[in-house]
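Notes follow the structure.
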Amino acid sequence: MKLTKTILTIAALIVLIVFDLLLWINAYVDGKYLIEPYMNNQIEETYYMWVESLSIAMFVNLGIVIVLLITMLYRKKRNKEDKEPNKQ
């Protein structure tokens, strides 16, 4: 993979991480100001349970993307080294 593609891929991944974190924080802030004022414990517990489960799924998905990206970059680097003749 060319250096520019690698840099763009890592930059896109960083943007994705920031976007995911902002979505996660926004969900908790919405719960704090939209759900909690009604003082209904059942709705509040259900809301936070859903937010936590979706957050775990989102972060597991993000972890898988990071692992796949690292694997792809390592494989491309290894293939490039295998194709070059050994200089001695």
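Going through the structure tokens in order, the chains are called A, B, and so on, while each chain numbers its residues from 1 and the ligands are numbered from 1 in the order shown.
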Task: Residue contacts of A:Leu54 (12 Å, only C-alpha atoms) excluding same-chain residues fewer than 6 positions away, as a list in words - done: Asp20, Leu23, Trp24, Ala27, Tyr28, Tyr47, Tyr48, Val60 and Asn61 of chain A
Task: Secondary structure check, alpha helix (DSSP H) residues of chain A, as a ChimeraX atom specification - done: /A:3-30,41-83
C-alpha atoms of the current selection, written as a compact mmCIF listing (two decimals), in the first residue's frame:
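So the final result, stored in selection18.txt, reads:
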# COMPACT_ATOMS: atom_id res chain seq x y z
CA LEU A 3 2.24 5.80 1.85
CA THR A 4 -0.50 8.26 0.89
CA LYS A 5 -3.16 5.53 0.96
CA THR A 6 -1.89 4.37 4.33
CA ILE A 7 -2.03 7.90 5.74
CA LEU A 8 -5.51 8.48 4.33
CA THR A 9 -6.72 5.15 5.74
CA ILE A 10 -5.38 5.95 9.20
CA ALA A 11 -6.88 9.47 9.03
CA ALA A 12 -10.25 8.01 8.06
CA LEU A 13 -10.01 5.58 10.97
CA ILE A 14 -9.25 8.44 13.37
CA VAL A 15 -12.28 10.35 12.04
CA LEU A 16 -14.39 7.23 12.57
CA ILE A 17 -13.14 6.87 16.15
CA VAL A 18 -13.92 10.53 16.93
CA PHE A 19 -17.36 10.19 15.34
CA ASP A 20 -18.12 7.05 17.37
CA LEU A 21 -17.03 8.70 20.61
CA LEU A 22 -19.18 11.76 19.89
CA LEU A 23 -22.18 9.53 19.20
CA TRP A 24 -21.60 7.64 22.44
CA ILE A 25 -21.26 10.82 24.52
CA ASN A 26 -24.32 12.31 22.83
CA ALA A 27 -26.42 9.27 23.73
CA TYR A 28 -25.52 9.63 27.41
CA VAL A 29 -26.15 13.39 27.37
CA ASP A 30 -29.55 12.83 25.73
CA ASN A 41 -36.88 4.48 36.68
CA GLN A 42 -38.09 1.79 34.28
CA ILE A 43 -37.63 3.98 31.20
CA GLU A 44 -34.30 5.28 32.49
CA GLU A 45 -32.90 1.81 33.18
CA THR A 46 -34.10 0.51 29.82
CA TYR A 47 -32.59 3.49 28.00
CA TYR A 48 -29.20 3.12 29.64
CA MET A 49 -29.25 -0.64 29.09
CA TRP A 50 -29.81 -0.10 25.36
CA VAL A 51 -27.13 2.60 25.19
CA GLU A 52 -24.62 0.34 26.95
CA SER A 53 -25.35 -2.64 24.71
CA LEU A 54 -25.12 -0.57 21.55
CA SER A 55 -21.93 1.07 22.83
CA ILE A 56 -20.32 -2.31 23.44
CA ALA A 57 -21.33 -3.45 19.95
CA MET A 58 -19.99 -0.23 18.44
CA PHE A 59 -16.63 -0.49 20.23
CA VAL A 60 -16.25 -4.18 19.41
CA ASN A 61 -16.92 -3.35 15.76
CA LEU A 62 -14.35 -0.54 15.93
CA GLY A 63 -11.82 -2.93 17.49
CA ILE A 64 -12.37 -5.42 14.68
CA VAL A 65 -11.81 -2.67 12.10
CA ILE A 66 -8.55 -1.66 13.82
CA VAL A 67 -7.31 -5.27 13.94
CA LEU A 68 -8.18 -5.80 10.27
CA LEU A 69 -6.45 -2.56 9.29
CA ILE A 70 -3.28 -3.52 11.15
CA THR A 71 -3.38 -6.99 9.59
CA MET A 72 -3.85 -5.50 6.11
CA LEU A 73 -0.97 -3.05 6.55
CA TYR A 74 1.33 -5.78 7.92
CA ARG A 75 0.43 -8.16 5.07
CA LYS A 76 1.06 -5.50 2.41
CA LYS A 77 4.41 -4.66 4.00
CA ARG A 78 5.38 -8.34 4.23
CA ASN A 79 4.39 -9.01 0.61
CA LYS A 80 6.40 -6.01 -0.52
CA GLU A 81 9.48 -7.26 1.35
CA ASP A 82 9.06 -10.76 -0.13
CA LYS A 83 8.96 -9.44 -3.68
